[in-house]
>>> print(open('input.txt').read())   # compact mmCIF, C-alpha atoms and all ligand atoms
# COMPACT_ATOMS: atom_id res chain seq x y z
CA MET A 1 -4.55 8.50 -14.26
CA ILE A 2 -0.85 8.55 -13.53
CA LEU A 3 0.42 5.47 -11.82
CA PRO A 4 4.00 4.86 -10.77
CA GLY A 5 5.63 1.72 -11.98
CA HIS A 6 6.20 -0.15 -8.77
CA SER A 7 3.62 -0.06 -6.09
CA HIS A 8 1.84 3.20 -6.45
CA HIS A 9 -0.09 5.12 -8.93
CA CYS A 10 -1.33 8.54 -9.61
CA GLY A 11 -3.85 9.25 -12.26
CA PHE A 12 -5.57 11.66 -14.58
CA SER A 13 -8.93 11.37 -16.03
CA LEU A 14 -9.55 13.52 -18.98
CA THR A 15 -13.07 14.69 -19.45
CA GLY A 16 -14.75 16.54 -22.26
CA VAL A 17 -15.75 20.16 -21.81
CA ASN A 18 -14.46 22.71 -19.35
CA GLY A 19 -16.34 22.71 -16.11
CA LYS A 20 -19.05 20.36 -17.35
CA PRO A 21 -18.48 16.78 -16.46
CA PRO A 22 -19.43 14.90 -19.62
CA PRO A 23 -21.12 11.53 -19.33
CA ILE A 24 -18.37 9.16 -18.37
CA HIS A 25 -19.46 6.49 -20.85
CA HIS A 26 -19.10 8.80 -23.80
CA HIS A 27 -15.86 10.78 -24.09
CA ARG A 28 -13.28 10.10 -21.41
CA ILE A 29 -9.62 9.10 -21.16
CA ALA A 30 -7.88 7.16 -18.40
CA LEU A 31 -4.28 6.04 -18.07
CA THR A 32 -2.99 3.28 -15.80
CA TRP A 33 0.21 1.35 -15.33
CA LEU A 34 -0.43 -1.75 -13.26
CA SER A 35 -1.03 -4.93 -15.24
CA LYS A 36 -2.12 -6.72 -12.08
CA ASN A 37 -4.53 -3.95 -11.42
CA ASN A 38 -8.11 -4.86 -12.17
CA GLN A 39 -9.43 -1.32 -12.44
CA VAL A 40 -9.26 -0.97 -16.21
CA THR A 41 -11.05 -4.28 -16.65
CA SER A 42 -13.82 -3.16 -14.30
CA LEU A 43 -14.16 0.17 -16.10
CA ARG A 44 -14.41 -1.50 -19.47
CA LYS A 45 -17.11 -3.79 -18.17
CA SER A 46 -19.03 -0.63 -17.30
CA ASN A 47 -18.61 0.59 -20.89
CA ILE A 48 -16.03 3.22 -19.99
CA SER A 49 -13.37 3.57 -22.61
CA ALA A 50 -10.33 3.17 -20.35
CA ALA A 51 -6.76 2.41 -21.39
CA THR A 52 -3.34 1.85 -19.89
CA ILE A 53 0.13 2.76 -20.98
CA ASN A 54 2.82 1.11 -18.89
CA SER A 55 5.92 -1.01 -19.29
CA ASN A 56 3.77 -4.13 -19.81
CA THR A 57 1.62 -2.64 -22.56
CA PRO A 58 2.35 -4.38 -25.88
CA THR A 59 3.87 -2.00 -28.43
CA SER A 60 1.00 -2.39 -30.89
CA THR A 61 -1.54 -1.50 -28.20
CA LYS A 62 0.57 1.42 -27.08
CA LEU A 63 0.82 2.76 -30.62
CA SER A 64 -2.89 2.50 -31.20
CA ILE A 65 -3.65 4.31 -27.91
CA LEU A 66 -1.17 7.05 -28.74
CA SER A 67 -2.55 7.48 -32.23
CA ASP A 68 -6.05 7.80 -30.75
CA LEU A 69 -4.78 10.44 -28.30
CA GLN A 70 -2.95 12.38 -30.98
CA SER A 71 -6.22 12.92 -32.83
CA GLY A 72 -7.02 15.53 -30.18
CA HIS A 73 -10.52 14.09 -29.85
CA PRO A 74 -9.68 10.68 -28.51
CA TYR A 75 -12.07 7.82 -28.17
CA THR A 76 -10.20 6.88 -24.99
CA ARG A 77 -11.81 8.72 -22.12
CA LEU A 78 -9.78 7.61 -19.13
CA LEU A 79 -6.08 6.92 -19.40
CA TYR A 80 -3.84 5.47 -16.70
CA VAL A 81 -0.16 6.34 -17.02
CA THR A 82 3.01 6.32 -14.96
CA PRO A 83 4.80 9.50 -13.85
CA GLU A 84 7.69 8.32 -16.03
CA THR A 85 5.46 8.51 -19.10
CA CYS A 86 4.31 11.98 -18.06
CA ALA A 87 7.91 13.15 -18.07
CA LEU A 88 8.35 12.31 -21.77
CA ASP A 89 8.33 15.27 -24.17
CA SER A 90 6.41 13.27 -26.75
CA PHE A 91 3.66 12.41 -24.29
CA ARG A 92 3.47 15.99 -23.06
CA ARG A 93 3.08 17.18 -26.65
CA THR A 94 0.16 14.78 -27.06
CA LEU A 95 -1.45 16.10 -23.89
CA ARG A 96 -1.08 19.66 -25.21
CA THR A 97 -2.89 18.64 -28.38
CA ILE A 98 -5.75 17.15 -26.36
CA HIS A 99 -5.84 20.21 -24.13
CA SER A 100 -5.95 22.59 -27.12
CA GLN A 101 -9.11 20.77 -28.21
CA HIS A 102 -10.66 21.27 -24.75
CA GLU A 103 -10.72 17.55 -24.23
CA LEU A 104 -8.47 17.36 -21.19
CA SER A 105 -10.93 17.65 -18.38
CA ARG A 106 -9.23 16.38 -15.27
CA ILE A 107 -5.92 15.24 -13.86
CA ALA A 108 -5.92 12.80 -10.96
CA ILE A 109 -2.81 11.87 -9.05
CA ASP A 110 -3.22 8.77 -6.98
CA GLU A 111 -0.85 7.85 -4.15
CA ALA A 112 -0.01 11.54 -4.03
CA HIS A 113 2.18 11.10 -0.94
CA CYS A 114 4.87 9.87 -3.37
CA ILE A 115 5.29 13.54 -4.38
CA SER A 116 6.61 14.56 -0.98
CA GLU A 117 10.20 14.05 0.01
CA TRP A 118 8.79 13.61 3.51
CA GLY A 119 6.50 10.81 2.35
CA HIS A 120 7.38 7.22 3.16
CA ASP A 121 7.33 6.36 -0.50
CA PHE A 122 8.89 9.37 -2.18
CA ARG A 123 9.60 8.90 -5.85
CA PRO A 124 11.55 11.63 -7.61
CA THR A 125 9.57 11.33 -10.87
CA PHE A 126 6.45 12.39 -8.97
CA LYS A 127 7.95 15.83 -8.40
CA GLU A 128 7.96 16.42 -12.13
CA LEU A 129 4.18 16.26 -12.11
CA SER A 130 4.34 19.94 -11.20
CA PHE A 131 4.39 20.26 -15.00
CA PHE A 132 0.61 19.94 -15.11
CA LYS A 133 -0.23 23.04 -13.14
CA THR A 134 2.23 25.05 -15.23
CA ALA A 135 1.10 23.70 -18.59
CA PHE A 136 -2.63 23.32 -17.93
CA PRO A 137 -3.54 25.80 -15.18
CA ASP A 138 -7.23 25.64 -16.10
CA VAL A 139 -7.57 21.85 -15.77
CA PRO A 140 -8.85 20.74 -12.38
CA MET A 141 -6.53 18.46 -10.52
CA ILE A 142 -7.31 15.98 -7.80
CA CYS A 143 -4.69 14.39 -5.57
CA LEU A 144 -5.49 11.28 -3.57
CA THR A 145 -3.70 9.48 -0.82
CA ALA A 146 -4.66 7.16 1.98
CA THR A 147 -1.60 7.92 4.06
CA ALA A 148 -0.44 11.48 4.48
CA THR A 149 0.53 13.32 7.60
CA ARG A 150 0.08 17.11 7.77
CA ARG A 151 3.71 17.64 6.77
CA VAL A 152 3.26 15.51 3.65
CA ARG A 153 -0.04 17.14 2.66
CA ASP A 154 1.47 20.62 2.83
CA ASP A 155 4.42 19.46 0.81
CA ILE A 156 2.19 18.01 -1.94
CA VAL A 157 0.36 21.33 -2.30
CA ALA A 158 3.62 23.31 -2.45
CA THR A 159 5.40 20.95 -4.85
CA LEU A 160 2.55 20.80 -7.35
CA GLY A 161 2.10 24.57 -7.20
CA LEU A 162 -1.57 24.29 -6.23
CA ASP A 163 -3.27 27.57 -5.44
CA SER A 164 -4.31 27.55 -1.79
CA LYS A 165 -7.18 29.98 -2.54
CA ASN A 166 -8.60 27.52 -5.03
CA LEU A 167 -8.02 24.40 -3.06
CA LYS A 168 -10.43 22.12 -1.29
CA LEU A 169 -9.02 19.71 1.20
CA PHE A 170 -11.10 16.70 2.16
CA SER A 171 -9.88 14.53 4.99
CA MET A 172 -11.51 11.36 6.09
CA THR A 173 -10.95 9.85 9.44
CA THR A 174 -8.42 7.03 9.61
CA SER A 175 -10.85 5.20 11.84
CA ARG A 176 -11.95 1.78 10.62
CA PRO A 177 -14.03 0.45 13.51
CA ASN A 178 -14.54 -3.00 11.95
CA LEU A 179 -10.80 -3.70 11.93
CA HIS A 180 -9.48 -5.54 14.98
CA TYR A 181 -5.88 -4.50 15.56
CA GLU A 182 -3.59 -6.76 17.48
CA VAL A 183 0.16 -6.82 18.15
CA ARG A 184 1.59 -10.27 18.77
CA PHE A 185 5.03 -10.50 20.29
CA LYS A 186 7.74 -12.75 18.96
CA SER A 187 11.43 -13.38 19.29
CA ASP A 188 13.94 -15.20 17.11
CA GLU A 189 13.98 -17.94 19.72
CA ALA A 190 10.47 -19.11 18.93
CA ASP A 191 8.69 -19.84 15.67
CA HIS A 192 5.49 -17.80 15.45
CA TYR A 193 4.03 -19.99 12.73
CA ASP A 194 2.14 -22.13 15.26
CA SER A 195 0.61 -19.05 16.85
CA PHE A 196 -0.77 -17.98 13.50
CA LEU A 197 -1.96 -21.44 12.45
CA ARG A 198 -3.77 -21.89 15.77
CA TRP A 199 -5.50 -18.55 15.28
CA LEU A 200 -6.55 -19.34 11.70
CA ARG A 201 -7.81 -22.80 12.63
CA GLY A 202 -9.83 -21.17 15.41
CA VAL A 203 -11.48 -18.93 12.80
CA HIS A 204 -12.22 -21.97 10.62
CA ALA A 205 -13.68 -23.86 13.59
CA ARG A 206 -16.02 -20.98 14.44
CA ARG A 207 -17.25 -20.91 10.85
CA ALA A 208 -17.80 -24.67 10.88
CA ALA A 209 -19.99 -24.55 14.00
CA ALA A 210 -23.76 -24.04 13.83
CA PRO A 211 -25.51 -21.68 13.31
CA ARG A 212 -22.70 -19.95 11.39
CA SER A 213 -22.08 -22.96 9.17
CA ILE A 214 -25.75 -23.06 8.19
CA GLU A 215 -25.76 -19.35 7.31
CA LEU A 216 -22.58 -19.69 5.25
CA SER A 217 -23.86 -22.72 3.36
CA ALA A 218 -27.13 -20.96 2.65
CA ALA A 219 -25.18 -18.00 1.23
CA GLY A 220 -23.18 -20.39 -0.96
CA LYS A 221 -19.92 -19.67 0.89
CA ARG A 222 -17.15 -22.16 1.38
CA LEU A 223 -16.36 -22.75 5.08
CA SER A 224 -12.61 -22.70 4.50
CA ASN A 225 -12.69 -19.51 2.44
CA VAL A 226 -11.21 -17.20 5.04
CA SER A 227 -9.54 -14.81 2.67
CA GLY A 228 -6.38 -13.14 3.88
CA ILE A 229 -3.01 -11.60 3.12
CA ILE A 230 0.22 -12.29 4.96
CA TYR A 231 2.88 -9.66 4.33
CA THR A 232 6.49 -10.62 4.72
CA LEU A 233 9.57 -8.55 3.96
CA TYR A 234 11.58 -11.43 2.60
CA ARG A 235 11.03 -13.35 -0.58
CA ARG A 236 12.35 -16.58 0.89
CA ASP A 237 9.75 -16.41 3.71
CA CYS A 238 7.09 -15.80 1.15
CA GLU A 239 7.50 -19.10 -0.69
CA ALA A 240 8.36 -21.17 2.38
CA LEU A 241 5.38 -19.90 4.33
CA ALA A 242 2.92 -20.52 1.49
CA LEU A 243 4.25 -24.09 1.16
CA ARG A 244 4.11 -24.71 4.87
CA LEU A 245 0.51 -23.50 5.10
CA SER A 246 -0.47 -25.65 2.12
CA GLY A 247 1.10 -28.62 3.90
CA ASP A 248 -1.16 -27.87 6.85
CA GLY A 249 -4.25 -27.83 4.68
CA ILE A 250 -4.58 -24.08 4.26
CA GLY A 251 -4.96 -22.89 0.66
CA ALA A 252 -2.05 -20.47 0.31
CA LYS A 253 -0.10 -19.01 -2.62
CA PRO A 254 3.00 -16.84 -2.79
CA PHE A 255 3.14 -13.50 -4.58
CA HIS A 256 6.40 -11.66 -5.23
CA ALA A 257 8.37 -10.03 -8.01
CA GLY A 258 10.52 -13.14 -8.59
CA LEU A 259 7.63 -15.28 -9.84
CA SER A 260 6.76 -15.51 -13.51
CA ASN A 261 3.92 -13.30 -14.72
CA ALA A 262 1.78 -16.35 -15.45
CA VAL A 263 2.12 -17.72 -11.92
CA ARG A 264 1.60 -14.34 -10.32
CA ASP A 265 -1.48 -13.60 -12.40
CA ASP A 266 -2.95 -17.02 -11.63
CA ASN A 267 -2.30 -16.69 -7.89
CA LEU A 268 -3.87 -13.26 -7.84
CA ALA A 269 -6.89 -14.25 -9.95
CA GLY A 270 -7.50 -17.37 -7.85
CA TRP A 271 -7.41 -15.34 -4.66
CA VAL A 272 -9.71 -12.60 -6.00
CA GLU A 273 -12.18 -15.26 -7.20
CA ASN A 274 -12.09 -17.15 -3.87
CA ARG A 275 -10.95 -20.32 -5.61
CA VAL A 276 -10.22 -23.47 -3.57
CA GLY A 277 -6.53 -23.51 -2.63
CA TYR A 278 -6.13 -19.73 -3.01
CA ASP A 279 -7.53 -18.45 0.28
CA VAL A 280 -4.36 -16.86 1.60
CA ILE A 281 -1.82 -14.82 -0.33
CA VAL A 282 1.65 -14.63 1.16
CA ALA A 283 3.15 -11.52 -0.38
CA THR A 284 6.02 -9.12 -0.29
CA THR A 285 4.92 -5.59 0.41
CA ALA A 286 4.19 -4.38 -3.12
CA PHE A 287 1.10 -6.57 -3.23
CA GLY A 288 -2.42 -5.24 -3.06
CA MET A 289 -2.27 -1.88 -4.75
CA GLY A 290 -5.32 -1.27 -6.88
CA ILE A 291 -6.87 -4.62 -6.06
CA ASP A 292 -10.52 -4.43 -5.38
CA LYS A 293 -11.47 -7.29 -3.05
CA ASP A 294 -13.88 -6.62 -0.25
CA ASN A 295 -13.96 -9.87 1.73
CA VAL A 296 -10.38 -9.87 3.04
CA ARG A 297 -10.90 -11.23 6.57
CA PHE A 298 -7.36 -10.76 7.82
CA VAL A 299 -4.09 -9.02 7.08
CA VAL A 300 -1.07 -10.34 8.93
CA HIS A 301 2.35 -8.69 9.05
CA TRP A 302 4.83 -11.50 9.51
CA GLN A 303 7.34 -8.99 10.85
CA ILE A 304 7.48 -5.23 11.32
CA PRO A 305 7.16 -3.46 7.95
CA LYS A 306 9.27 -0.47 6.94
CA SER A 307 6.92 2.38 7.77
CA PHE A 308 3.85 3.33 9.76
CA GLU A 309 2.08 4.41 6.58
CA GLY A 310 2.90 1.10 4.89
CA TYR A 311 1.52 -0.80 7.86
CA TYR A 312 -1.68 1.24 7.96
CA GLN A 313 -2.23 1.01 4.21
CA GLU A 314 -1.67 -2.75 4.07
CA ALA A 315 -3.73 -3.49 7.19
CA GLY A 316 -6.46 -1.34 5.62
CA ARG A 317 -6.92 -3.86 2.81
CA ALA A 318 -8.86 -5.96 5.32
CA GLY A 319 -12.60 -5.61 5.83
CA ARG A 320 -13.56 -3.32 2.99
CA ASP A 321 -17.03 -4.91 3.15
CA GLY A 322 -17.41 -3.40 6.62
CA LYS A 323 -17.42 -6.77 8.37
CA ALA A 324 -15.16 -7.58 11.29
CA SER A 325 -11.63 -8.38 10.15
CA ALA A 326 -8.34 -8.95 11.90
CA CYS A 327 -5.10 -6.99 11.48
CA ILE A 328 -2.31 -8.80 13.26
CA ILE A 329 1.29 -7.67 13.36
CA TYR A 330 4.03 -9.95 14.68
CA TYR A 331 6.56 -7.73 16.36
CA GLY A 332 9.99 -8.80 17.57
CA ARG A 333 12.91 -6.68 18.72
CA GLU A 334 15.35 -8.60 16.55
CA ASP A 335 13.16 -7.70 13.54
CA ARG A 336 13.08 -4.12 14.77
CA ASP A 337 16.89 -4.08 14.83
CA ARG A 338 17.09 -5.56 11.35
CA ALA A 339 14.67 -2.90 10.04
CA VAL A 340 16.64 -0.13 11.74
CA GLY A 341 19.92 -1.54 10.42
CA MET A 342 18.49 -1.61 6.91
CA MET A 343 17.31 1.98 7.29
CA GLN A 344 20.74 3.10 8.49
CA ARG A 345 22.44 1.50 5.54
CA GLU A 346 20.03 3.25 3.18
CA ILE A 347 20.70 6.59 4.87
CA GLU A 348 24.46 6.05 4.56
CA LYS A 349 24.10 5.05 0.93
CA HIS A 350 22.08 8.15 0.10
CA SER A 351 24.26 10.62 1.95
CA GLY A 352 27.46 8.93 0.72
CA SER A 353 26.48 8.96 -2.94
CA GLY A 354 25.20 12.52 -2.89
CA GLY A 355 21.87 11.20 -4.19
CA ASN A 356 18.42 12.00 -2.90
CA GLY A 357 19.34 15.09 -0.97
CA GLY A 358 22.76 14.06 0.33
CA ARG A 359 25.43 16.59 -0.53
CA ALA A 360 28.75 15.61 0.93
CA GLY A 361 31.15 12.91 -0.16
CA ARG A 362 32.47 9.93 1.71
CA GLY A 363 33.61 10.26 5.25
CA SER A 364 31.76 13.44 6.05
CA THR A 365 28.66 13.52 8.15
CA THR A 366 25.69 14.81 6.23
CA PRO A 367 22.27 15.11 7.77
CA PRO A 368 19.88 12.62 6.23
CA SER A 369 17.70 13.88 3.39
CA PRO A 370 14.05 14.70 4.21
CA THR A 371 13.06 11.39 2.62
CA MET A 372 15.37 9.32 4.76
CA GLN A 373 14.56 11.32 7.87
CA GLY A 374 10.84 10.92 7.16
CA ARG A 375 11.26 7.16 6.76
CA ALA A 376 13.30 6.89 9.94
CA ASP A 377 10.65 8.87 11.87
CA SER A 378 7.93 6.66 10.46
CA LEU A 379 9.66 3.41 11.41
CA LYS A 380 10.31 4.76 14.88
CA ALA A 381 6.63 5.62 15.27
CA LEU A 382 5.69 2.09 14.23
CA VAL A 383 8.08 0.60 16.79
CA MET A 384 6.46 2.80 19.45
CA PHE A 385 3.04 1.62 18.29
CA CYS A 386 4.07 -2.02 18.72
CA GLU A 387 5.83 -1.49 22.03
CA SER A 388 3.10 0.63 23.61
CA THR A 389 0.76 -1.02 26.07
CA ASP A 390 -0.97 2.09 27.37
CA ARG A 391 -3.50 2.98 24.70
CA CYS A 392 -6.03 1.81 22.18
CA ARG A 393 -4.49 0.84 18.81
CA HIS A 394 -7.16 2.81 16.92
CA LYS A 395 -6.26 5.85 18.99
CA ALA A 396 -2.53 5.40 18.37
CA ILE A 397 -3.15 5.31 14.60
CA ALA A 398 -5.36 8.41 14.72
CA GLN A 399 -2.69 10.23 16.72
CA TYR A 400 0.01 9.37 14.20
CA PHE A 401 -2.03 10.93 11.40
CA GLY A 402 -2.71 14.03 13.50
CA GLU A 403 -6.37 13.41 14.29
CA THR A 404 -7.68 14.76 17.54
CA ALA A 405 -11.08 13.07 17.66
CA GLU A 406 -11.29 9.93 19.76
CA PRO A 407 -11.83 6.98 17.38
CA ALA A 408 -14.50 4.42 18.11
CA CYS A 409 -13.23 1.09 19.42
CA ASP A 410 -15.76 -1.44 20.57
CA PHE A 411 -13.25 -3.96 21.91
CA ALA A 412 -11.67 -3.88 18.46
CA CYS A 413 -8.07 -3.94 19.63
CA ASP A 414 -5.93 -6.05 21.92
CA TRP A 415 -5.56 -3.20 24.43
CA HIS A 416 -9.30 -2.68 24.77
CA LYS A 417 -9.88 -6.40 25.06
CA ASP A 418 -7.40 -6.88 27.88
CA ALA A 419 -4.63 -4.34 28.48
CA GLU A 420 -3.10 -6.38 31.29
CA ALA A 421 -2.83 -9.43 29.03
CA VAL A 422 -1.06 -7.32 26.38
CA ARG A 423 1.53 -6.24 28.96
CA ARG A 424 2.00 -9.82 30.12
CA ARG A 425 2.36 -11.18 26.59
CA LYS A 426 4.86 -8.43 25.78
CA ASN A 427 7.01 -9.33 28.80
CA GLU A 428 6.90 -12.99 27.95
CA GLY A 429 7.14 -12.77 24.19
CA LEU A 430 9.90 -10.28 23.44
CA ALA A 431 13.61 -10.82 23.71
CA SER A 432 15.15 -8.53 26.32
CA GLU A 433 16.94 -5.41 25.13
CA GLU A 434 20.18 -6.78 26.64
CA TRP A 435 19.93 -9.92 24.57
CA CYS A 436 19.23 -7.89 21.43
CA SER A 437 22.24 -5.66 21.98
CA THR A 438 24.50 -8.73 22.36
CA GLN A 439 23.23 -10.08 19.07
CA ARG A 440 23.84 -6.75 17.37
CA GLU A 441 27.43 -6.64 18.52
CA SER A 442 28.13 -10.17 17.38
CA GLY A 443 26.69 -9.30 13.98
CA GLU A 444 24.99 -12.66 13.89
CA TYR A 445 21.90 -11.40 12.12
CA ALA A 446 22.87 -10.12 8.75
CA VAL A 447 20.05 -8.52 6.84
CA ASP A 448 19.38 -9.70 3.35
CA ASP A 449 17.56 -7.62 0.81
CA TYR A 450 13.90 -6.90 1.12
CA GLY A 451 11.46 -8.14 -1.47
ZN ZN B 501 -9.12 -0.07 21.15
>>> encode(input="input.txt", output="structure tokens", more="lines below")
Ligand SMILES: [Zn+2]
Amino acid sequence: MILPGHSHHCGFSLTGVNGKPPPIHHHRIALTWLSKNNQVTSLRKSNISAATINSNTPTSTKLSILSDLQSGHPYTRLLYVTPETCALDSFRRTLRTIHSQHELSRIAIDEAHCISEWGHDFRPTFKELSFFKTAFPDVPMICLTATATRRVRDDIVATLGLDSKNLKLFSMTTSRPNLHYEVRFKSDEADHYDSFLRWLRGVHARRAAAPRSIELSAAGKRLSNVSGIIYTLYRRDCEALALRLSGDGIGAKPFHAGLSNAVRDDNLAGWVENRVGYDVIVATTAFGMGIDKDNVRFVVHWQIPKSFEGYYQEAGRAGRDGKASACIIYYGREDRDRAVGMMQREIEKHSGSGGNGGRAGRGSTTPPSPTMQGRADSLKALVMFCESTDRCRHKAIAQYFGETAEPACDFACDWHKDAEAVRRRKNEGLASEEWCSTQRESGEYAVDDYG
């Protein structure tokens, strides 16, 4: 497996003999990069010899994995690695050795949308993965992504040099009928904390009432264990919100890159294990990748995230057990303007520096690179999603990803529940465009860095 170092991964699994999938418990190699990722642990528990090489792997472990690989007949059967590792000549030489022994059976690239410059999460090192098709044309490759539009899918195929005659494309519907999508409107004038707390306490109260409470107790479940994730763009919100919730009796922990590894690992483990005091994780957006937890009852976006794909992917971490779960996004026009402002600064930075597709120097007007244009389009689509009051949220998501089939929605969105109420709440809850434009001109709302 190839996994990028920040929030995404791609992967290869290396199997034994050409064309014949060998028993996975015998000879198999996997590579992974995320220390917070619990996949390798789960695989090992199932007696699969899985290993990881990433920036957190201790040198001694790394050396022993590499020495195993260099034998050409490695004991490791599934190896997770980053695209950065795959770009190293030394690592490529090792892969050639394994391949020459017919032991490289499969290459899997997870989060494959990172390959496309049109993807919301483009990472240049992913492009170099085209090496595999050139070096090992006979090894089957699988690319996986949960968020790719048609444009991105085509780009992945072209960039990796996949043969369209030998290609199978499997698309699943984006429809998740057990997720209840809701847009809640906010403005800088009012604190939306109370709106959220009221909602969560309502959920707790319903669990505490009979007959639900009796069922939950019989199943050994804690009444207050309503597991959820709150995504926020800003680190400072992350800590403050977790503290504030704890003060109101809700078990909440922060999760962001600025915390020590020990604290982060403990917060994550406590949440995964449904420990008391760890019911809600307040996280910056990198959180959740590769985490296998099925009872997430809600995902809340504290403000508009940076892309439609990001929103869909994060919201999709709710309700993996198929039970009803809530996906709530708090949308405000001031937040929209901050996100757009941030995007514009990124576009200027990229075109000004000549990096990432920009060509001209300072002062000249260069069209944004595909990456930046793709991101801007995606943010715009998400704003439209939040502002729209004329269609089902499930339908709007399906449309964004180019699906034509009508998704099922059994009152599982705010529009289907009461479209008129959505329009009323929007009128009452959002700052007017005039007010927003005044704020923009006065420059009162400076944007600090994400994360
Ligand atoms: Zn609906």
>>> closest_residue(input="input.txt", among="A:Glu334, A:Glu406, A:Asp68, A:Asp377", to="ligand ZN 501 (chain B)", atoms="all atoms listed in the file")
A:Glu406
>>> closest_atom_pairs(input="input.txt", of="chain A", to="ligand ZN 501 (chain B)", cutoff="10 Å", atoms="only C-alpha atoms and all ligand atoms", output="JSON lines")
{"residue": "A:Pro177", "atom": "CA", "partner": "B:ZN501", "partner_atom": "ZN", "distance": 9.1}
{"residue": "A:His180", "atom": "CA", "partner": "B:ZN501", "partner_atom": "ZN", "distance": 8.3}
{"residue": "A:Tyr181", "atom": "CA", "partner": "B:ZN501", "partner_atom": "ZN", "distance": 7.8}
{"residue": "A:Glu182", "atom": "CA", "partner": "B:ZN501", "partner_atom": "ZN", "distance": 9.4}
{"residue": "A:Arg391", "atom": "CA", "partner": "B:ZN501", "partner_atom": "ZN", "distance": 7.3}
{"residue": "A:Cys392", "atom": "CA", "partner": "B:ZN501", "partner_atom": "ZN", "distance": 3.8}
{"residue": "A:Arg393", "atom": "CA", "partner": "B:ZN501", "partner_atom": "ZN", "distance": 5.3}
{"residue": "A:His394", "atom": "CA", "partner": "B:ZN501", "partner_atom": "ZN", "distance": 5.5}
{"residue": "A:Lys395", "atom": "CA", "partner": "B:ZN501", "partner_atom": "ZN", "distance": 6.9}
{"residue": "A:Ala396", "atom": "CA", "partner": "B:ZN501", "partner_atom": "ZN", "distance": 9.0}
{"residue": "A:Pro407", "atom": "CA", "partner": "B:ZN501", "partner_atom": "ZN", "distance": 8.4}
{"residue": "A:Ala408", "atom": "CA", "partner": "B:ZN501", "partner_atom": "ZN", "distance": 7.6}
{"residue": "A:Cys409", "atom": "CA", "partner": "B:ZN501", "partner_atom": "ZN", "distance": 4.6}
{"residue": "A:Asp410", "atom": "CA", "partner": "B:ZN501", "partner_atom": "ZN", "distance": 6.8}
{"residue": "A:Phe411", "atom": "CA", "partner": "B:ZN501", "partner_atom": "ZN", "distance": 5.7}
{"residue": "A:Ala412", "atom": "CA", "partner": "B:ZN501", "partner_atom": "ZN", "distance": 5.3}
{"residue": "A:Cys413", "atom": "CA", "partner": "B:ZN501", "partner_atom": "ZN", "distance": 4.3}
{"residue": "A:Asp414", "atom": "CA", "partner": "B:ZN501", "partner_atom": "ZN", "distance": 6.8}
{"residue": "A:Trp415", "atom": "CA", "partner": "B:ZN501", "partner_atom": "ZN", "distance": 5.8}
{"residue": "A:His416", "atom": "CA", "partner": "B:ZN501", "partner_atom": "ZN", "distance": 4.5}
{"residue": "A:Lys417", "atom": "CA", "partner": "B:ZN501", "partner_atom": "ZN", "distance": 7.5}
{"residue": "A:Asp418", "atom": "CA", "partner": "B:ZN501", "partner_atom": "ZN", "distance": 9.7}
{"residue": "A:Ala419", "atom": "CA", "partner": "B:ZN501", "partner_atom": "ZN", "distance": 9.6}
>>> write_last_selection(input="input.txt", atoms="C-alpha atoms", output="tab-separated table (two decimals), in the coordinates of the input")
chain	number	residue	atom	x	y	z
A	177	PRO	CA	-14.03	0.45	13.51
A	180	HIS	CA	-9.48	-5.54	14.98
A	181	TYR	CA	-5.88	-4.50	15.56
A	182	GLU	CA	-3.59	-6.76	17.48
A	391	ARG	CA	-3.50	2.98	24.70
A	392	CYS	CA	-6.03	1.81	22.18
A	393	ARG	CA	-4.49	0.84	18.81
A	394	HIS	CA	-7.16	2.81	16.92
A	395	LYS	CA	-6.26	5.85	18.99
A	396	ALA	CA	-2.53	5.40	18.37
A	407	PRO	CA	-11.83	6.98	17.38
A	408	ALA	CA	-14.50	4.42	18.11
A	409	CYS	CA	-13.23	1.09	19.42
A	410	ASP	CA	-15.76	-1.44	20.57
A	411	PHE	CA	-13.25	-3.96	21.91
A	412	ALA	CA	-11.67	-3.88	18.46
A	413	CYS	CA	-8.07	-3.94	19.63
A	414	ASP	CA	-5.93	-6.05	21.92
A	415	TRP	CA	-5.56	-3.20	24.43
A	416	HIS	CA	-9.30	-2.68	24.77
A	417	LYS	CA	-9.88	-6.40	25.06
A	418	ASP	CA	-7.40	-6.88	27.88
A	419	ALA	CA	-4.63	-4.34	28.48
>>> atom_distance(input="input.txt", atom1="CA of Arg333 (chain A)", atom2="CA of Gln439 (chain A)")
10.9 Å
>>> atom_distance(input="input.txt", atom1="CA of Gly247 (chain A)", atom2="CA of Leu197 (chain A)")
11.6 Å
>>> residues_around(input="input.txt", residues="region 293-299 of chain A", least_positions_apart="4", cutoff="7 Å", atoms="all atoms listed in the file", output="list in words")
Val226, Ser227, Gly228, Ile229, Ile230, Val272, Ala315, Arg317, Ala318, Gly319, Arg320, Asp321, Ser325, Ala326, Cys327 and Ile328 of chain A
>>> axis_aligned_box(input="input.txt", around="region 157-164 of chain A", padding_each_side="3 Å", output="JSON")
{"center_x": 0.5, "center_y": 24.2, "center_z": -4.6, "size_x": 15.7, "size_y": 12.8, "size_z": 11.6}
>>> residues_around(input="input.txt", residues="Thr149 (chain A)", least_positions_apart="3", cutoff="8 Å", atoms="all atoms listed in the file", output="PyMOL selection string")
chain A and resi 152-153+400-402
>>> atom_distance(input="input.txt", atom1="CA of Thr76 (chain A)", atom2="CA of Ile53 (chain A)")
11.8 Å
>>> residues_around(input="input.txt", residues="Glu239 (chain A)", least_positions_apart="5", cutoff="8 Å", atoms="all atoms listed in the file", output="list in words")
Lys253, Pro254 and Val282 of chain A
